[in-house]
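Asker: For reference, this is work.txt, and it has compact mmCIF, C-alpha atoms.
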# COMPACT_ATOMS: atom_id res chain seq x y z
CA MET A 1 0.00 0.00 0.00
CA ILE A 2 1.32 3.45 -0.92
CA LYS A 3 1.51 6.30 1.59
CA ILE A 4 -0.10 9.68 0.95
CA SER A 5 0.90 13.17 2.08
CA ALA A 6 -2.08 15.53 2.36
CA VAL A 7 -0.98 19.13 1.75
CA ILE A 8 -2.92 22.30 2.64
CA ILE A 9 -1.95 25.97 2.34
CA THR A 10 -3.54 28.44 4.77
CA TYR A 11 -3.93 32.05 5.73
CA ASN A 12 -6.43 32.97 8.46
CA GLU A 13 -8.49 29.79 8.14
CA GLU A 14 -9.66 29.38 11.74
CA ARG A 15 -13.24 28.87 10.50
CA ASN A 16 -12.33 25.91 8.27
CA ILE A 17 -9.02 24.25 9.05
CA GLU A 18 -10.04 21.86 11.84
CA ARG A 19 -12.91 20.42 9.78
CA CYS A 20 -10.58 19.97 6.81
CA ILE A 21 -7.82 18.23 8.79
CA ASN A 22 -10.25 15.90 10.56
CA SER A 23 -11.63 14.72 7.22
CA LEU A 24 -8.11 13.69 6.16
CA LYS A 25 -7.05 11.69 9.20
CA ASP A 26 -8.50 8.38 8.03
CA ILE A 27 -6.76 8.40 4.65
CA ALA A 28 -3.56 10.49 4.93
CA ASP A 29 -0.30 9.09 6.32
CA GLU A 30 0.93 12.64 6.79
CA ILE A 31 -0.88 15.99 6.95
CA ILE A 32 1.10 19.13 6.16
CA VAL A 33 -0.14 22.70 6.58
CA VAL A 34 1.93 25.46 4.99
CA ASP A 35 0.76 28.73 6.50
CA SER A 36 1.38 32.29 5.28
CA PHE A 37 1.78 33.75 8.80
CA SER A 38 -1.87 33.76 9.86
CA THR A 39 -2.97 36.35 12.39
CA ASP A 40 -6.03 34.47 13.67
CA ALA A 41 -6.32 31.15 15.56
CA THR A 42 -5.17 29.00 12.61
CA ILE A 43 -1.75 28.38 14.15
CA SER A 44 -3.00 27.26 17.57
CA ILE A 45 -5.68 25.03 16.02
CA CYS A 46 -3.11 23.28 13.83
CA ASN A 47 -0.69 22.81 16.71
CA ASP A 48 -3.44 21.24 18.81
CA LEU A 49 -4.20 18.76 16.02
CA GLU A 50 -0.60 17.50 15.94
CA ILE A 51 0.07 17.79 12.23
CA LYS A 52 3.17 19.02 10.41
CA PHE A 53 2.88 22.81 10.50
CA ILE A 54 5.24 25.08 8.55
CA GLN A 55 5.19 28.82 7.90
CA HIS A 56 6.39 30.20 4.59
CA LYS A 57 6.17 33.60 2.91
CA PHE A 58 3.34 33.79 0.39
CA GLU A 59 4.41 34.79 -3.13
CA GLY A 60 1.36 33.54 -5.01
CA HIS A 61 -1.01 30.57 -4.95
CA ILE A 62 0.95 28.63 -7.57
CA GLN A 63 4.32 29.31 -5.97
CA GLN A 64 3.07 28.45 -2.48
CA LYS A 65 1.49 25.17 -3.55
CA ASN A 66 4.57 24.07 -5.49
CA TRP A 67 6.77 24.87 -2.48
CA ALA A 68 4.39 23.02 -0.15
CA ILE A 69 4.80 19.83 -2.21
CA THR A 70 8.53 19.89 -1.50
CA GLN A 71 7.76 19.51 2.21
CA ALA A 72 5.93 16.20 1.70
CA SER A 73 7.62 13.01 2.88
CA TYR A 74 5.90 10.91 0.21
CA PRO A 75 5.66 11.48 -3.56
CA TYR A 76 1.95 10.63 -3.59
CA VAL A 77 0.21 13.90 -2.71
CA LEU A 78 -3.40 14.81 -2.00
CA SER A 79 -3.88 18.57 -2.27
CA VAL A 80 -6.88 20.17 -0.57
CA ASP A 81 -7.83 23.72 0.34
CA ALA A 82 -8.63 24.64 3.93
CA ASP A 83 -12.33 25.13 3.12
CA GLU A 84 -12.67 21.66 1.57
CA VAL A 85 -13.73 18.36 3.15
CA LEU A 86 -13.63 14.81 1.83
CA SER A 87 -17.02 13.09 1.60
CA GLU A 88 -17.25 9.55 2.99
CA LYS A 89 -17.56 8.15 -0.54
CA LEU A 90 -14.43 10.00 -1.64
CA LYS A 91 -12.54 8.75 1.43
CA ASN A 92 -13.42 5.17 0.51
CA SER A 93 -12.29 5.74 -3.08
CA ILE A 94 -8.93 7.08 -1.92
CA LEU A 95 -8.44 4.17 0.51
CA GLN A 96 -9.06 1.71 -2.32
CA THR A 97 -6.67 3.65 -4.56
CA LYS A 98 -3.95 3.46 -1.92
CA LYS A 99 -4.23 -0.33 -2.04
CA ASN A 100 -4.16 -0.44 -5.83
CA TRP A 101 -2.50 2.63 -7.35
CA GLN A 102 -3.07 2.43 -11.12
CA ALA A 103 -2.47 5.93 -12.52
CA ASP A 104 -0.18 8.95 -12.35
CA GLY A 105 -2.98 11.18 -11.14
CA TYR A 106 -6.62 11.11 -10.09
CA THR A 107 -9.39 13.63 -10.65
CA LEU A 108 -12.46 14.08 -8.48
CA ASN A 109 -15.65 16.15 -8.46
CA ARG A 110 -15.93 19.18 -6.21
CA MET A 111 -19.32 20.37 -4.99
CA THR A 112 -19.65 23.86 -3.53
CA SER A 113 -21.83 25.09 -0.69
CA TYR A 114 -22.95 28.66 -1.44
CA CYS A 115 -24.56 30.48 1.50
CA GLY A 116 -25.75 27.14 2.86
CA LYS A 117 -27.00 25.65 -0.45
CA TRP A 118 -25.21 22.96 -2.46
CA ILE A 119 -24.89 24.20 -6.04
CA LYS A 120 -25.49 21.53 -8.71
CA HIS A 121 -25.54 23.59 -11.94
CA GLY A 122 -24.22 26.77 -13.58
CA GLY A 123 -20.83 25.24 -14.34
CA TRP A 124 -20.15 24.72 -10.65
CA TYR A 125 -20.81 20.97 -10.60
CA PRO A 126 -19.30 18.62 -11.41
CA ASP A 127 -16.28 20.84 -10.90
CA LYS A 128 -13.62 18.30 -11.86
CA LYS A 129 -10.27 18.81 -10.13
CA LEU A 130 -6.94 16.97 -10.32
CA ARG A 131 -6.01 16.67 -6.64
CA LEU A 132 -4.31 13.29 -6.07
CA TRP A 133 -1.11 12.55 -7.94
CA ASP A 134 2.44 11.31 -8.05
CA SER A 135 4.28 14.61 -7.56
CA ARG A 136 7.23 13.37 -9.61
CA ASN A 137 5.05 13.66 -12.72
CA GLY A 138 3.57 17.17 -12.60
CA GLU A 139 3.43 20.64 -11.07
CA TRP A 140 1.09 23.52 -10.23
CA THR A 141 0.58 25.95 -13.12
CA GLY A 142 -2.08 28.48 -14.22
CA ILE A 143 -2.54 32.21 -13.68
CA ASN A 144 -2.71 33.43 -10.07
CA PRO A 145 -4.94 33.07 -8.18
CA HIS A 146 -6.47 30.37 -10.41
CA ASP A 147 -4.00 27.54 -10.02
CA LYS A 148 -4.29 24.11 -11.60
CA TYR A 149 -2.17 20.99 -11.38
CA GLU A 150 -0.82 19.66 -14.68
CA MET A 151 0.65 16.22 -15.24
CA HIS A 152 3.50 15.65 -17.65
CA LYS A 153 2.78 14.42 -21.18
CA ASN A 154 1.39 10.89 -21.58
CA CYS A 155 0.53 10.51 -17.88
CA LYS A 156 -2.41 8.29 -17.06
CA ILE A 157 -5.27 10.00 -15.21
CA LEU A 158 -8.29 8.22 -13.69
CA HIS A 159 -11.38 9.56 -11.91
CA LEU A 160 -12.40 8.87 -8.30
CA LYS A 161 -15.97 8.40 -7.07
CA GLY A 162 -17.23 10.75 -4.36
CA ASP A 163 -17.24 14.51 -3.89
CA LEU A 164 -14.84 17.02 -2.42
CA LEU A 165 -17.16 19.26 -0.39
CA HIS A 166 -16.27 22.93 -0.77
CA TYR A 167 -17.54 25.28 1.95
CA SER A 168 -16.81 28.37 -0.07
CA TYR A 169 -19.01 31.43 0.46
CA HIS A 170 -20.92 31.92 3.71
CA SER A 171 -22.43 35.24 2.67
CA LEU A 172 -22.86 37.62 -0.25
CA LYS A 173 -20.12 39.73 1.30
CA ASP A 174 -17.69 36.78 1.14
CA HIS A 175 -18.38 36.39 -2.56
CA THR A 176 -18.10 40.06 -3.55
CA GLU A 177 -14.95 40.58 -1.47
CA GLN A 178 -13.27 37.59 -3.10
CA VAL A 179 -14.25 38.84 -6.56
CA GLU A 180 -12.66 42.22 -5.82
CA ARG A 181 -9.49 40.57 -4.51
CA PHE A 182 -9.14 37.85 -7.15
CA THR A 183 -9.84 40.10 -10.14
CA SER A 184 -7.03 42.41 -9.02
CA ILE A 185 -4.61 39.48 -8.72
CA THR A 186 -5.65 38.03 -12.09
CA ALA A 187 -5.47 41.37 -13.89
CA LYS A 188 -1.96 41.93 -12.56
CA ALA A 189 -0.85 38.44 -13.61
CA LEU A 190 -2.30 38.91 -17.11
CA TYR A 191 -0.65 42.33 -17.38
CA GLU A 192 2.73 40.89 -16.41
CA ASN A 193 2.25 38.19 -19.08
CA GLY A 194 1.70 40.90 -21.70
CA THR A 195 -2.00 40.09 -22.18
CA ARG A 196 -4.38 42.83 -23.31
CA ALA A 197 -8.14 43.05 -22.89
CA SER A 198 -9.80 42.62 -26.29
CA PHE A 199 -12.87 44.59 -27.34
CA VAL A 200 -15.01 41.43 -27.18
CA GLN A 201 -13.76 40.45 -23.72
CA LEU A 202 -14.27 43.90 -22.26
CA TYR A 203 -17.67 44.74 -23.72
CA PHE A 204 -19.32 41.35 -24.29
CA GLY A 205 -17.43 38.94 -22.02
CA SER A 206 -19.66 39.47 -19.00
CA THR A 207 -22.87 39.01 -21.04
CA MET A 208 -21.55 35.79 -22.57
CA LYS A 209 -20.50 34.57 -19.12
CA PHE A 210 -24.00 35.14 -17.72
CA ILE A 211 -25.71 33.41 -20.66
CA ARG A 212 -23.34 30.45 -20.40
CA ASN A 213 -23.71 29.93 -16.65
CA TYR A 214 -27.37 30.79 -16.17
CA PHE A 215 -28.95 29.35 -19.31
CA ILE A 216 -26.57 26.93 -21.08
CA LYS A 217 -25.16 25.45 -17.85
CA LEU A 218 -28.66 25.48 -16.25
CA GLY A 219 -27.80 27.80 -13.38
CA PHE A 220 -31.49 28.78 -13.17
CA LEU A 221 -32.19 25.32 -11.69
CA ASP A 222 -30.40 26.46 -8.52
CA GLY A 223 -33.03 29.17 -8.06
CA TYR A 224 -32.16 32.51 -6.50
CA HIS A 225 -28.66 31.35 -5.61
CA GLY A 226 -28.04 30.30 -9.20
CA PHE A 227 -29.07 33.73 -10.46
CA ARG A 228 -26.88 35.51 -7.93
CA ILE A 229 -23.86 33.35 -8.79
CA ALA A 230 -24.31 33.91 -12.52
CA LYS A 231 -24.70 37.67 -12.05
CA ILE A 232 -21.64 38.05 -9.81
CA SER A 233 -19.53 35.77 -12.04
CA ALA A 234 -20.48 37.90 -15.05
CA TYR A 235 -19.50 41.06 -13.17
CA ALA A 236 -16.18 39.45 -12.19
CA THR A 237 -15.43 38.82 -15.87
CA PHE A 238 -16.01 42.50 -16.69
CA LEU A 239 -14.02 43.68 -13.66
CA LYS A 240 -11.02 41.50 -14.51
CA TYR A 241 -10.68 42.92 -18.02
CA ALA A 242 -11.51 46.48 -16.91
CA LYS A 243 -8.69 46.32 -14.35
CA LEU A 244 -6.35 44.87 -16.98
CA LYS A 245 -7.18 47.74 -19.37
CA GLU A 246 -6.63 50.24 -16.56
CA LEU A 247 -3.16 48.80 -15.87
CA HIS A 248 -2.18 49.24 -19.52
CA ASN A 249 -3.62 52.77 -19.60
CA ASN A 250 -1.71 53.74 -16.46
CA ASN A 251 1.48 52.36 -17.97
CA LYS A 252 0.98 54.55 -21.06
CA LEU A 253 0.54 57.65 -18.91
CA GLN A 254 3.77 56.96 -17.04
CA LYS A 255 5.83 56.80 -20.23
What's the structure tokens form of this structure?

Answerer:
Amino acid sequence: MIKISAVIITYNEERNIERCINSLKDIADEIIVVDSFSTDATISICNDLEIKFIQHKFEGHIQQKNWAITQASYPYVLSVDADEVLSEKLKNSILQTKKNWQADGYTLNRMTSYCGKWIKHGGWYPDKKLRLWDSRNGEWTGINPHDKYEMHKNCKILHLKGDLLHYSYHSLKDHTEQVERFTSITAKALYENGTRASFVQLYFGSTMKFIRNYFIKLGFLDGYHGFRIAKISAYATFLKYAKLKELHNNNKLQK
């Protein structure tokens, strides 16, 4: 049977971290938390749970997660966020996989709780994620803060049964504050990559996003919450490209 290192990065996660760690204890041979110098009770909670706790300066989601992998004792890594919990069915799938490892990486479905309601449509479910893998065959990539793990060419990837339960937004304020924060990070990353906001993205991107999520991806089946998610997601698309355009305009003025 292989051994698995469960890896989590944190910053001020006192609301979530204990629930996350407890869901891992039955399947992980090692639990590692890499913390970005939290100022709440995250540190004391982790110390009480007797896991491997390390603090490391945060330089970006991708950079932090790649560094965190280097702290694992085993090459087989399960990556979870502090606000995620393994369902019982997913735990059983991982236990069976430990006994009979057959791939380089494993995907799973993530289901998100939005203000107390599990969202099943609008592009939010099944939200397939690659979270269990042999770390010798891949790395975290993407554009901050939207990281994704990519396996090397020709790697074999299988899918696990069961859901990763994502306790994401507890209130409308949580959602709008994250949109403001994440769009700024994304716009900066795109700017540094030399990307420009096209006319279509800036003026029609948000409308297309709403139509896709609410109508094509059946977000309306999630009722009021589905409408709110589609509307805020559409606004986030506009805000991201508006901030990107602003960065380029400011750069022109400084020259």

Asker: For CA of Ser93 (chain A) and CA of Glu139 (chain A), determine how far apart the two atoms are, in Å to one decimal place.

Answerer: 23.1 Å

Asker: Could you please determine the separation between CA of Lys129 (chain A) and CA of Arg110 (chain A) in Å, to one decimal place?

Answerer: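 CA of Arg110 (chain A) lies at a distance of 6.9 Å from CA of Lys129 (chain A).
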
Asker: Between A:Leu253, A:Leu95, A:Ile143, A:Ile8, which has the minimum distance to Ile185 (chain A) (counting all atoms listed in the file)?

Answerer: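 Of A:Leu253, A:Leu95, A:Ile143, A:Ile8, the one nearest Ile185 (chain A), counting all atoms listed in the file, is A:Ile143.
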
Asker: Set up a box along x, y and z of the file covering all listed atoms of region 49-54 of chain A, add 6 Å on every one of the six sides, and write the centre and edge lengths in Å to one decimal, as AutoDock Vina command-line options.

Answerer:
--center_x 0.5 --center_y 21.3 --center_z 12.3 --size_x 21.4 --size_y 19.6 --size_z 19.5

Asker: Identify the residues around (-23.8, 33.5, -18.1) within a radius of 9 Å, measuring from all atoms listed in the file in the coordinates stated by the file, and give them as a VMD selection string.

Answerer: chain A and resid 122 206 to 217 219 230 to 231 233 to 234

Asker: Please identify all polymer residues within 10 Å of Gln63 (chain A), counting all atoms listed in the file, omitting same-chain residues fewer than 6 positions from it, and present them as a list of chain:residue names.

Answerer: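 Near Gln63 (chain A), the qualifying residues are A:Trp140, A:Thr141, A:Asn144, A:Asp147.
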
Asker: Leaving out Asn47 (chain A) and any residue of its chain fewer than 5 positions from it, which residues lie within 12 Å of it when counting all atoms listed in the file, given as a list in words?

Answerer: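 In the requested format, the answer is Ile17, Glu18, Ile21, Ile31, Ile32, Val33, Asp35, Ala41, Thr42, Lys52, Phe53 and Ile54 of chain A.
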
Asker: Select, from A:Leu164, A:Ala68, A:Ile119, A:Val85, the residue with the minimum atom-to-atom distance to Gly223 (chain A), counting only C-alpha atoms.

Answerer: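 Checking each candidate against Gly223 (chain A), we get A:Ile119 as the closest.
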
Asker: Taking into account all atoms listed in the file, which residue in the set A:Lys173, A:His146, A:Met1, A:His152 is nearest to Gln102 (chain A)?

Answerer: A:Met1

Asker: So, counting only C-alpha atoms, which residue among A:Thr237, A:Ile232, A:Leu86, A:Lys3 is closest to Asn100 (chain A)?

Answerer: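 Of A:Thr237, A:Ile232, A:Leu86, A:Lys3, the one nearest Asn100 (chain A), counting only C-alpha atoms, is A:Lys3.
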
Asker: Restore N, CA and C atoms in region 141-168 of chain A and list the result as a CSV table (one decimal), in the coordinates of the input.

Answerer:
chain,number,residue,atom,x,y,z
A,141,THR,N,0.4,24.9,-12.1
A,141,THR,CA,0.6,26.0,-13.1
A,141,THR,C,-0.7,26.8,-13.1
A,142,GLY,N,-0.9,27.6,-14.1
A,142,GLY,CA,-2.1,28.5,-14.2
A,142,GLY,C,-1.7,29.9,-14.1
A,143,ILE,N,-2.7,30.8,-13.9
A,143,ILE,CA,-2.5,32.2,-13.7
A,143,ILE,C,-3.1,32.6,-12.3
A,144,ASN,N,-2.3,33.1,-11.4
A,144,ASN,CA,-2.7,33.4,-10.1
A,144,ASN,C,-3.9,34.3,-10.1
A,145,PRO,N,-4.9,34.1,-9.2
A,145,PRO,CA,-4.9,33.1,-8.2
A,145,PRO,C,-5.6,31.8,-8.6
A,146,HIS,N,-5.8,31.6,-9.9
A,146,HIS,CA,-6.5,30.4,-10.4
A,146,HIS,C,-5.4,29.3,-10.8
A,147,ASP,N,-5.0,28.6,-9.8
A,147,ASP,CA,-4.0,27.5,-10.0
A,147,ASP,C,-4.6,26.2,-10.5
A,148,LYS,N,-3.8,25.4,-11.2
A,148,LYS,CA,-4.3,24.1,-11.6
A,148,LYS,C,-3.1,23.2,-11.7
A,149,TYR,N,-3.3,21.9,-11.3
A,149,TYR,CA,-2.2,21.0,-11.4
A,149,TYR,C,-2.2,20.3,-12.7
A,150,GLU,N,-1.0,20.3,-13.4
A,150,GLU,CA,-0.8,19.7,-14.7
A,150,GLU,C,0.2,18.5,-14.6
A,151,MET,N,-0.2,17.4,-15.2
A,151,MET,CA,0.6,16.2,-15.2
A,151,MET,C,1.5,16.3,-16.5
A,152,HIS,N,2.6,15.7,-16.5
A,152,HIS,CA,3.5,15.6,-17.6
A,152,HIS,C,2.8,14.9,-18.8
A,153,LYS,N,3.4,15.0,-20.0
A,153,LYS,CA,2.8,14.4,-21.2
A,153,LYS,C,2.7,12.9,-21.0
A,154,ASN,N,1.6,12.3,-21.5
A,154,ASN,CA,1.4,10.9,-21.6
A,154,ASN,C,1.1,10.3,-20.2
A,155,CYS,N,0.9,11.1,-19.2
A,155,CYS,CA,0.5,10.5,-17.9
A,155,CYS,C,-0.9,10.0,-17.9
A,156,LYS,N,-1.1,8.9,-17.1
A,156,LYS,CA,-2.4,8.3,-17.1
A,156,LYS,C,-3.2,8.9,-15.9
A,157,ILE,N,-4.4,9.4,-16.2
A,157,ILE,CA,-5.3,10.0,-15.2
A,157,ILE,C,-6.6,9.3,-15.1
A,158,LEU,N,-7.0,8.9,-13.9
A,158,LEU,CA,-8.3,8.2,-13.7
A,158,LEU,C,-9.2,9.1,-12.8
A,159,HIS,N,-10.4,8.7,-12.7
A,159,HIS,CA,-11.4,9.6,-11.9
A,159,HIS,C,-11.9,8.8,-10.7
A,160,LEU,N,-11.9,9.5,-9.5
A,160,LEU,CA,-12.4,8.9,-8.3
A,160,LEU,C,-13.9,9.2,-8.1
A,161,LYS,N,-14.6,8.2,-7.4
A,161,LYS,CA,-16.0,8.4,-7.1
A,161,LYS,C,-16.0,9.2,-5.7
A,162,GLY,N,-17.1,10.0,-5.6
A,162,GLY,CA,-17.2,10.8,-4.4
A,162,GLY,C,-16.9,12.2,-4.6
A,163,ASP,N,-17.4,13.1,-3.7
A,163,ASP,CA,-17.2,14.5,-3.9
A,163,ASP,C,-16.3,15.1,-2.9
A,164,LEU,N,-15.6,16.1,-3.3
A,164,LEU,CA,-14.8,17.0,-2.4
A,164,LEU,C,-15.8,18.2,-2.1
A,165,LEU,N,-16.2,18.3,-0.8
A,165,LEU,CA,-17.2,19.3,-0.4
A,165,LEU,C,-16.5,20.6,-0.1
A,166,HIS,N,-16.9,21.6,-0.8
A,166,HIS,CA,-16.3,22.9,-0.8
A,166,HIS,C,-17.2,23.9,-0.1
A,167,TYR,N,-16.8,24.3,1.2
A,167,TYR,CA,-17.5,25.3,2.0
A,167,TYR,C,-17.0,26.7,1.6
A,168,SER,N,-17.5,27.2,0.5
A,168,SER,CA,-16.8,28.4,-0.1
A,168,SER,C,-17.3,29.7,0.5
